[in-house]
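Let me begin by presenting the structure, written as structure tokens, before commenting on it.
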Protein chains: 4
Amino acid sequence: MVRVTVWNEYRHEREDDNVAELYPEGIHAALADALEERGHDVRTATLDEDDEHGLSRDVLDDTDVLLWWGHLAHDEVSDEVVDRVVERVRDGMGFLPLHSAHYSKPFKRLMGTSCSLKWREAGERERLWTVEPGHPIAEGIDEQIVVPEAEMYGERFDIPQPDALVFVSWFEGGEVFRSGCCYRRGSGRIFYFRPGHEEYPIYDQEEIITVIDNAIEWASPTDGVEPNFSSVEAAEPIGEE
Amino acid sequence: MVRVTVWNEYRHEREDDNVAELYPEGIHAALADALEERGHDVRTATLDEDDEHGLSRDVLDDTDVLLWWGHLAHDEVSDEVVDRVVERVRDGMGFLPLHSAHYSKPFKRLMGTSCSLKWREAGERERLWTVEPGHPIAEGIDEQIVVPEAEMYGERFDIPQPDALVFVSWFEGGEVFRSGCCYRRGSGRIFYFRPGHEEYPIYDQEEIITVIDNAIEWASPTDGVEPNFSSVEAAEPIGEE
Amino acid sequence: MVRVTVWNEYRHEREDDNVAELYPEGIHAALADALEERGHDVRTATLDEDDEHGLSRDVLDDTDVLLWWGHLAHDEVSDEVVDRVVERVRDGMGFLPLHSAHYSKPFKRLMGTSCSLKWREAGERERLWTVEPGHPIAEGIDEQIVVPEAEMYGERFDIPQPDALVFVSWFEGGEVFRSGCCYRRGSGRIFYFRPGHEEYPIYDQEEIITVIDNAIEWASPTDGVEPNFSSVEAAEPIGEE
Amino acid sequence: MVRVTVWNEYRHEREDDNVAELYPEGIHAALADALEERGHDVRTATLDEDDEHGLSRDVLDDTDVLLWWGHLAHDEVSDEVVDRVVERVRDGMGFLPLHSAHYSKPFKRLMGTSCSLKWREAGERERLWTVEPGHPIAEGIDEQIVVPEAEMYGERFDIPQPDALVFVSWFEGGEVFRSGCCYRRGSGRIFYFRPGHEEYPIYDQEEIITVIDNAIEWASPTDGVEPNFSSVEAAEPIGEE
């Protein structure tokens, strides 16, 4: 059973009636419910719940995979908490930034790039094509996922080349986007997944939850050796000809 | 000055009036003219010109970068010539399979996969988005290239993950495609570039020629060491504790 | 329970007394025993057991992950069986070429390169360093595996750049080698793992078996969609401005 | 002619007589001389020369490729200058961190990882093996470069998987290291190159300068489109069925 923490900014849902109608308990609660049904051990954390945004050292130490949803208030996330998240990823914790979390502090720190993109809010159709059907994150997914109404994100998406590119999106208005991107950083695995705009019931789509479920399994830490970053003695003789 | 050989199957142009009108001297001649204007030293070769398809050992030894256009008659290319092409790529010759050459024997041999895809001939609009604007193959290219009428190629495209993915296509009918893919195999560089259906004047588009021109520069051989694949003596002492 | 088939050329063990002493029932039997202890469902197949080398269509259809050990007689493997193996890998079967199987027909076909290298038989010490401790194939493995006596394989190893590089070897005589290399081809996963020379009891080393065990888990097929490689109708309207 | 800026911390040379003897004018001056001979347009900049460490906005705007050598005083580099360097790399400037610059602020920021490693100062022999002889950075380089006396750097090196791995080092004392690593970040190219310890005359070795010279050519900016990171209108009709 993977220990999942769903982190959410949780502002749109409290400030905008349309969003509140879709996600009355918040996006984090909707995701937590769906992922518990899939058999994960899920907790949630939100920006305003305490001065550590619900992400104390204990919570993070107890987390195998961290989901992150944020949009309006990336800057309000304290650098201390960001350091802690980044550190845990390097130590092996999985990290799943969703949708507008492309612009979150931890994702930008882990990528080393601006993570910028172009966008449009027009409620257009999105088709996520499965580029790597043999990848574990695509298990049980058809050749495409159709999202009836979506905010558009378009290339150039300023990210490092993914270690694996699993999904590529087509948008009605003419753009494409690398929507499912795998990375390893330190001993941790990262999967950026694009869908999830707050104004559409995207996390009610079964296939979207399946992808996130698969990604959680894929990103779960494995028990690798902790690297030795220090000065070491030679195991072999030096100075012989 | 890069020594370029443009290889063409040269069947459509001789069998189909519409294609003949677009490319009266053949696709190879159109490409050769355009690339000579860009300053390359260009020769052509075609399937039926002799029993080596114009690709004698001398021609290949004298070629820095080989372009390949084929569609109807992949199977008629002799395995001996394919072996020779593959060998030269491994030794450092650049290789640019264009459009339907995704299914050519040398490309499939070099990739190790089926190189299959889905397709549609409907004269639809294609938008090639520049995913890596900093890549040398994208030099001078805008954020997208619009091809007014194109045959569609759609994902899943069964290729190994590219070393670099430079262009991704959007199609009017709803599909996406990895249209500009870089590989290194042996000491040679390979760039698959999707545009070029025989029924549309795609090689008359300036940007398409610019991409091919850039790819020729990128794929030109560099003077690396020839690998030593043999049994070797130890340079360091063995058997000491 | 993963269905594993261990394929072995099984010639050295029958022709050379020293090898026979190490692996009296053959390398395949030693591997099968060790992997059954790890909980896999293992069968074996060998070059000379029938005219399909023990790899009938039924056997392959019933195999999740295929291990391959060969050295003296790569050329005796029939092209029909090679086609079948390659086809199954593209359909999702895992494939683990071991040691001298770098030069086996299926591996060369799937890589598209010569897979050549330099070598030396001097019974020297090898240190396999864990370059990616967070990779699932490195689970439970220390920062290095020491093989007391090994045949040397040295770079340049003519392979495509791996999707992930998990182990790099150091040799007493002065060479390095990319010893643990991950690839996806079609829907299948491939892991080349260097250790396993027939003259040393390398498959008796616990860590070596752990790596193979991990690689079997990693390479097991997932239930992805079968790609549609055909002409398709447009899902979106074409021809509107 | 590529406009190169060689940045150096320039402390060891002023504080340690042995280093001063090797590099009386500083490592930056030695590199600048060698690279000017190769035809580049070279300037230098050092940590203590002004409050911008010689890296004003004007200097960086005028730089195609920035070399970076630092060791003792990474923390003294101001964050403002680091921001500026990172920004310029994303805009296309090439960046070549050398040796102990693995731990410099700009490299760590661009990688998103700790960039830690293990090390030993024992004056041991290093062999840099050319893993990708066909890569432009390996042009003119033999199958190995032998450095007679070197500080050891060993794996695990905590970096993202390189886009291309060109050199791998062997050390007398038993370790290996990924010594030549290519990345693209934003529109810029980065090449980390390991050799260059201040206590040995490594930058007097012709092959080492050849690699740096090649890397400068490879990392020079190309004239790609500046990405549009903004809200955009749809080019295609939205809302039709």
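Each chain in the structure tokens gets a letter, A, B and so on, in the order shown; residues start at 1 in every chain, and ligands are counted from 1 in the order they appear.
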
What are the residues of chain B lining chain D at 8 Å or less? Count only C-alpha atoms, and put the answer as a short mmCIF file (atom, residue, chain, number, x, y, z; two decimals) with all heavy atoms, in the first residue's frame.
data_model
loop_
_atom_site.label_atom_id
_atom_site.label_comp_id
_atom_site.auth_asym_id
_atom_site.auth_seq_id
_atom_site.Cartn_x
_atom_site.Cartn_y
_atom_site.Cartn_z
N GLY B 92 29.69 6.56 -39.64
CA GLY B 92 29.66 8.01 -39.46
C GLY B 92 28.83 8.79 -40.46
O GLY B 92 28.60 9.99 -40.26
N GLU B 132 11.98 21.99 -29.52
CA GLU B 132 13.31 22.35 -29.02
C GLU B 132 13.88 23.51 -29.84
O GLU B 132 14.71 23.29 -30.74
CB GLU B 132 14.26 21.14 -29.07
CG GLU B 132 13.95 20.03 -28.09
CD GLU B 132 14.18 20.39 -26.62
OE1 GLU B 132 14.69 21.49 -26.33
OE2 GLU B 132 13.82 19.55 -25.77
N PRO B 133 13.48 24.74 -29.54
CA PRO B 133 13.95 25.87 -30.35
C PRO B 133 15.46 26.08 -30.30
O PRO B 133 16.02 26.70 -31.20
CB PRO B 133 13.21 27.07 -29.75
CG PRO B 133 12.76 26.64 -28.41
CD PRO B 133 12.56 25.15 -28.48
N GLY B 134 16.12 25.53 -29.27
CA GLY B 134 17.57 25.72 -29.17
C GLY B 134 18.37 24.66 -29.92
O GLY B 134 19.60 24.74 -29.95
N HIS B 135 17.71 23.69 -30.51
CA HIS B 135 18.43 22.64 -31.24
C HIS B 135 18.91 23.18 -32.58
O HIS B 135 18.19 23.91 -33.24
CB HIS B 135 17.50 21.44 -31.45
CG HIS B 135 18.24 20.19 -31.82
ND1 HIS B 135 18.73 19.96 -33.08
CD2 HIS B 135 18.61 19.13 -31.08
CE1 HIS B 135 19.34 18.80 -33.10
NE2 HIS B 135 19.29 18.26 -31.90
N PRO B 136 20.13 22.79 -33.00
CA PRO B 136 20.63 23.32 -34.28
C PRO B 136 19.73 23.03 -35.48
O PRO B 136 19.72 23.80 -36.44
CB PRO B 136 22.00 22.64 -34.45
CG PRO B 136 22.20 21.72 -33.30
CD PRO B 136 21.16 22.01 -32.28
N ALA B 138 16.61 23.35 -35.53
CA ALA B 138 15.52 24.34 -35.53
C ALA B 138 16.01 25.75 -35.82
O ALA B 138 15.23 26.71 -35.72
CB ALA B 138 14.80 24.29 -34.18
N GLU B 139 17.26 25.89 -36.20
CA GLU B 139 17.81 27.23 -36.45
C GLU B 139 17.03 27.94 -37.56
O GLU B 139 16.81 27.39 -38.64
CB GLU B 139 19.29 27.13 -36.83
CG GLU B 139 19.95 28.48 -36.94
CD GLU B 139 21.48 28.41 -36.91
OE1 GLU B 139 22.03 27.29 -36.89
OE2 GLU B 139 22.11 29.48 -36.90
N GLY B 140 16.59 29.15 -37.27
CA GLY B 140 15.87 29.93 -38.27
C GLY B 140 14.42 29.54 -38.47
O GLY B 140 13.74 30.07 -39.35
N ILE B 141 13.94 28.60 -37.68
CA ILE B 141 12.55 28.12 -37.81
C ILE B 141 11.68 28.82 -36.76
O ILE B 141 12.08 28.95 -35.62
CB ILE B 141 12.50 26.58 -37.63
CG1 ILE B 141 13.32 25.89 -38.71
CG2 ILE B 141 11.06 26.08 -37.64
CD1 ILE B 141 12.84 26.14 -40.12
N ASP B 142 10.49 29.19 -37.17
CA ASP B 142 9.55 29.87 -36.29
C ASP B 142 8.96 28.87 -35.29
O ASP B 142 9.32 27.70 -35.31
CB ASP B 142 8.45 30.52 -37.14
CG ASP B 142 7.93 31.80 -36.48
OD1 ASP B 142 8.10 31.96 -35.25
OD2 ASP B 142 7.37 32.63 -37.21
N GLU B 143 8.04 29.33 -34.44
CA GLU B 143 7.52 28.40 -33.44
C GLU B 143 6.67 27.29 -34.06
O GLU B 143 6.49 26.24 -33.46
CB GLU B 143 6.76 29.12 -32.34
CG GLU B 143 5.51 29.81 -32.78
CD GLU B 143 4.67 30.26 -31.59
OE1 GLU B 143 5.13 30.24 -30.44
OE2 GLU B 143 3.51 30.66 -31.83
N ASP B 163 16.81 10.43 -29.28
CA ASP B 163 17.81 11.12 -28.46
C ASP B 163 17.41 12.58 -28.27
O ASP B 163 17.68 13.18 -27.23
CB ASP B 163 19.18 11.04 -29.13
CG ASP B 163 19.73 9.62 -29.15
OD1 ASP B 163 19.33 8.81 -28.30
OD2 ASP B 163 20.55 9.32 -30.03
N GLY B 186 25.88 3.86 -33.97
CA GLY B 186 27.29 3.77 -34.31
C GLY B 186 27.87 5.17 -34.21
O GLY B 186 27.59 5.91 -33.28
N SER B 187 28.68 5.55 -35.20
CA SER B 187 29.22 6.91 -35.22
C SER B 187 28.38 7.85 -36.09
O SER B 187 28.78 8.99 -36.30
CB SER B 187 30.67 6.88 -35.73
OG SER B 187 31.50 6.24 -34.77
N GLY B 188 27.25 7.39 -36.59
CA GLY B 188 26.43 8.20 -37.49
C GLY B 188 25.24 8.84 -36.81
O GLY B 188 24.74 8.35 -35.80
N PRO B 221 29.42 13.99 -40.75
CA PRO B 221 30.34 13.22 -39.91
C PRO B 221 31.39 14.12 -39.25
O PRO B 221 31.83 15.10 -39.85
CB PRO B 221 31.04 12.26 -40.89
CG PRO B 221 30.30 12.33 -42.16
CD PRO B 221 29.51 13.59 -42.17
N THR B 222 31.79 13.76 -38.05
CA THR B 222 32.93 14.40 -37.42
C THR B 222 34.04 13.36 -37.37
O THR B 222 33.80 12.16 -37.49
CB THR B 222 32.59 14.91 -36.01
OG1 THR B 222 31.90 13.87 -35.30
CG2 THR B 222 31.69 16.13 -36.09
N ASP B 223 35.24 13.83 -37.16
CA ASP B 223 36.40 12.97 -37.31
C ASP B 223 36.73 12.29 -35.98
O ASP B 223 37.71 12.63 -35.31
CB ASP B 223 37.57 13.82 -37.81
CG ASP B 223 38.75 12.95 -38.20
OD1 ASP B 223 38.51 11.76 -38.49
OD2 ASP B 223 39.87 13.47 -38.21
N GLY B 224 35.89 11.33 -35.60
CA GLY B 224 36.12 10.61 -34.35
C GLY B 224 36.99 9.38 -34.58
O GLY B 224 37.19 8.94 -35.71
N VAL B 225 37.48 8.84 -33.48
CA VAL B 225 38.34 7.67 -33.58
C VAL B 225 37.52 6.46 -34.04
O VAL B 225 36.35 6.31 -33.68
CB VAL B 225 39.00 7.39 -32.21
CG1 VAL B 225 37.98 6.95 -31.17
CG2 VAL B 225 40.09 6.34 -32.33
N GLU B 226 38.12 5.61 -34.85
CA GLU B 226 37.46 4.36 -35.23
C GLU B 226 37.58 3.40 -34.06
O GLU B 226 38.69 3.14 -33.58
CB GLU B 226 38.13 3.77 -36.47
CG GLU B 226 37.34 2.63 -37.07
CD GLU B 226 38.01 2.09 -38.32
OE1 GLU B 226 38.90 2.78 -38.86
OE2 GLU B 226 37.65 0.99 -38.73
N PRO B 227 36.45 2.87 -33.57
CA PRO B 227 36.53 2.02 -32.38
C PRO B 227 37.35 0.76 -32.64
O PRO B 227 37.36 0.23 -33.75
CB PRO B 227 35.06 1.64 -32.13
CG PRO B 227 34.24 2.60 -32.91
CD PRO B 227 35.07 3.05 -34.07
#

So which bits of range 11-241 of chain D end up alpha helix (DSSP H) when you DSSP the backbone, as a ChimeraX atom specification?
/D:12-15,17-22,27-37,57-61,79-90,105-111,206-219

Based on the selection just made, write C-alpha atoms of those residues as a compact mmCIF listing (two decimals), in the first residue's frame.
# COMPACT_ATOMS: atom_id res chain seq x y z
CA HIS D 12 44.09 28.58 -5.16
CA GLU D 13 46.58 30.23 -7.51
CA ARG D 14 47.02 33.20 -5.15
CA GLU D 15 47.11 31.18 -1.94
CA ASP D 17 52.59 28.10 -4.10
CA ASN D 18 52.31 24.77 -5.86
CA VAL D 19 49.26 25.89 -7.77
CA ALA D 20 50.86 29.26 -8.49
CA GLU D 21 53.78 27.52 -10.07
CA LEU D 22 51.54 25.55 -12.42
CA ILE D 27 43.78 28.84 -14.53
CA HIS D 28 41.64 31.35 -16.46
CA ALA D 29 44.68 32.85 -18.16
CA ALA D 30 46.05 29.42 -19.09
CA LEU D 31 42.73 28.40 -20.59
CA ALA D 32 42.30 31.76 -22.34
CA ASP D 33 45.72 31.47 -23.97
CA ALA D 34 45.07 27.93 -25.15
CA LEU D 35 41.64 28.79 -26.53
CA GLU D 36 42.81 31.93 -28.27
CA GLU D 37 45.35 29.80 -30.07
CA ARG D 57 25.01 41.96 -17.82
CA ASP D 58 27.03 43.45 -20.69
CA VAL D 59 29.73 40.81 -20.41
CA LEU D 60 27.20 38.00 -20.38
CA ASP D 61 25.22 39.47 -23.28
CA ASP D 79 22.80 34.89 -6.18
CA GLU D 80 22.13 37.83 -8.43
CA VAL D 81 25.00 36.87 -10.70
CA VAL D 82 23.90 33.23 -10.59
CA ASP D 83 20.38 34.25 -11.66
CA ARG D 84 21.88 36.17 -14.53
CA VAL D 85 24.03 33.27 -15.69
CA VAL D 86 21.14 30.79 -15.47
CA GLU D 87 18.90 33.18 -17.39
CA ARG D 88 21.48 33.57 -20.17
CA VAL D 89 21.90 29.79 -20.47
CA ARG D 90 18.14 29.42 -20.87
CA LYS D 105 25.77 27.40 -7.92
CA PRO D 106 24.85 27.82 -11.59
CA PHE D 107 25.39 24.14 -12.40
CA LYS D 108 23.40 22.95 -9.40
CA ARG D 109 20.60 25.37 -10.27
CA LEU D 110 20.48 24.19 -13.88
CA MET D 111 20.54 20.50 -12.95
CA GLU D 206 46.62 18.97 -25.68
CA GLU D 207 43.71 16.50 -25.76
CA ILE D 208 42.03 18.19 -22.81
CA ILE D 209 42.10 21.52 -24.64
CA THR D 210 40.79 19.79 -27.78
CA VAL D 211 37.77 18.51 -25.89
CA ILE D 212 37.07 21.97 -24.46
CA ASP D 213 37.53 23.51 -27.90
CA ASN D 214 35.06 21.01 -29.41
CA ALA D 215 32.61 21.61 -26.58
CA ILE D 216 32.75 25.36 -27.21
CA GLU D 217 31.78 24.80 -30.84
CA TRP D 218 29.04 22.36 -29.85
CA ALA D 219 27.62 24.69 -27.18

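Separating CA of Arg120 in chain B from CA of Val232 in chain C is a distance of 5.9 Å.
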
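Between CA of Tyr153 in chain A and CA of Asp75 in chain A lies a distance of 20.9 Å.
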
Give me the residues within 12 Å of Gly54 in chain D as JSON, numbers by chain, counting only C-alpha atoms and dropping any in the same chain fewer than 4 places off.
{"D": [5, 6, 7, 8, 9, 43, 44, 45, 46, 47, 48, 49, 50, 58, 59, 60, 77, 78, 81, 85]}

State, in Å with one decimal place, the distance from CA of Glu149 in chain C to CA of Gly174 in chain C.
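Distance reported for this atom pair: 14.6 Å.
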
Near-Pro97 in chain A list (8 Å; only C-alpha atoms; drop same-chain fewer than 6 positions) as a compact mmCIF listing (two decimals) with C-alpha atoms, in the first residue's frame:
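Result file is out-v6.txt:
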# COMPACT_ATOMS: atom_id res chain seq x y z
CA LEU A 67 0.86 14.86 -5.52
CA TRP A 68 0.92 18.64 -5.97
CA TRP A 69 -1.82 20.93 -7.25
CA SER A 104 5.18 25.28 -8.69
CA PHE A 107 8.93 21.37 -9.87
CA ILE A 190 8.82 12.52 -11.04
CA PHE A 191 5.83 12.40 -13.39
CA TYR A 192 4.34 15.63 -14.67
CA PHE A 193 0.74 15.12 -15.82

Of D:Ile202, D:Ile159, D:Val42, D:Val168, the one sitting nearest Thr113 in chain D when using only C-alpha atoms is D:Ile159

Do you know which residues are at most 9 Å from Arg11 in chain A counting only C-alpha atoms, after dropping those on the same chain fewer than 5 positions away, and could you put them as a VMD selection string?
chain A and resid 16 26 47 to 48 70 to 73

Could those residues be written to a file, using N, CA and C atoms, as an mmCIF file, in the first residue's frame?
data_model
loop_
_atom_site.group_PDB
_atom_site.id
_atom_site.type_symbol
_atom_site.label_atom_id
_atom_site.label_comp_id
_atom_site.auth_asym_id
_atom_site.auth_seq_id
_atom_site.Cartn_x
_atom_site.Cartn_y
_atom_site.Cartn_z
ATOM 1 N N ASP A 16 -14.252 30.658 -5.665
ATOM 2 C CA ASP A 16 -14.978 30.697 -6.935
ATOM 3 C C ASP A 16 -16.119 29.674 -6.884
ATOM 4 N N GLY A 26 -12.797 20.430 -2.164
ATOM 5 C CA GLY A 26 -11.444 20.723 -2.675
ATOM 6 C C GLY A 26 -10.952 19.630 -3.616
ATOM 7 N N LEU A 47 -2.272 24.462 1.526
ATOM 8 C CA LEU A 47 -1.422 25.645 1.725
ATOM 9 C C LEU A 47 -1.661 26.345 3.054
ATOM 10 N N ASP A 48 -2.944 26.559 3.390
ATOM 11 C CA ASP A 48 -3.247 27.427 4.526
ATOM 12 C C ASP A 48 -3.483 26.690 5.829
ATOM 13 N N GLY A 70 -1.323 23.291 -7.568
ATOM 14 C CA GLY A 70 -1.263 24.694 -7.172
ATOM 15 C C GLY A 70 -1.416 25.564 -8.392
ATOM 16 N N HIS A 71 -1.834 26.810 -8.204
ATOM 17 C CA HIS A 71 -2.049 27.672 -9.361
ATOM 18 C C HIS A 71 -1.890 29.158 -9.045
ATOM 19 N N LEU A 72 -2.670 29.640 -8.062
ATOM 20 C CA LEU A 72 -2.736 31.075 -7.791
ATOM 21 C C LEU A 72 -1.621 31.549 -6.887
ATOM 22 N N ALA A 73 -1.097 30.669 -6.076
ATOM 23 C CA ALA A 73 -0.306 31.105 -4.922
ATOM 24 C C ALA A 73 1.023 30.373 -4.805
#

To test your reading of the structure, identify every residue in range 111-167 of chain C that backbone DSSP assigns to strand (DSSP E or B), and report it as a PyMOL selection string.
chain C and resi 118-130+144-154+164-167
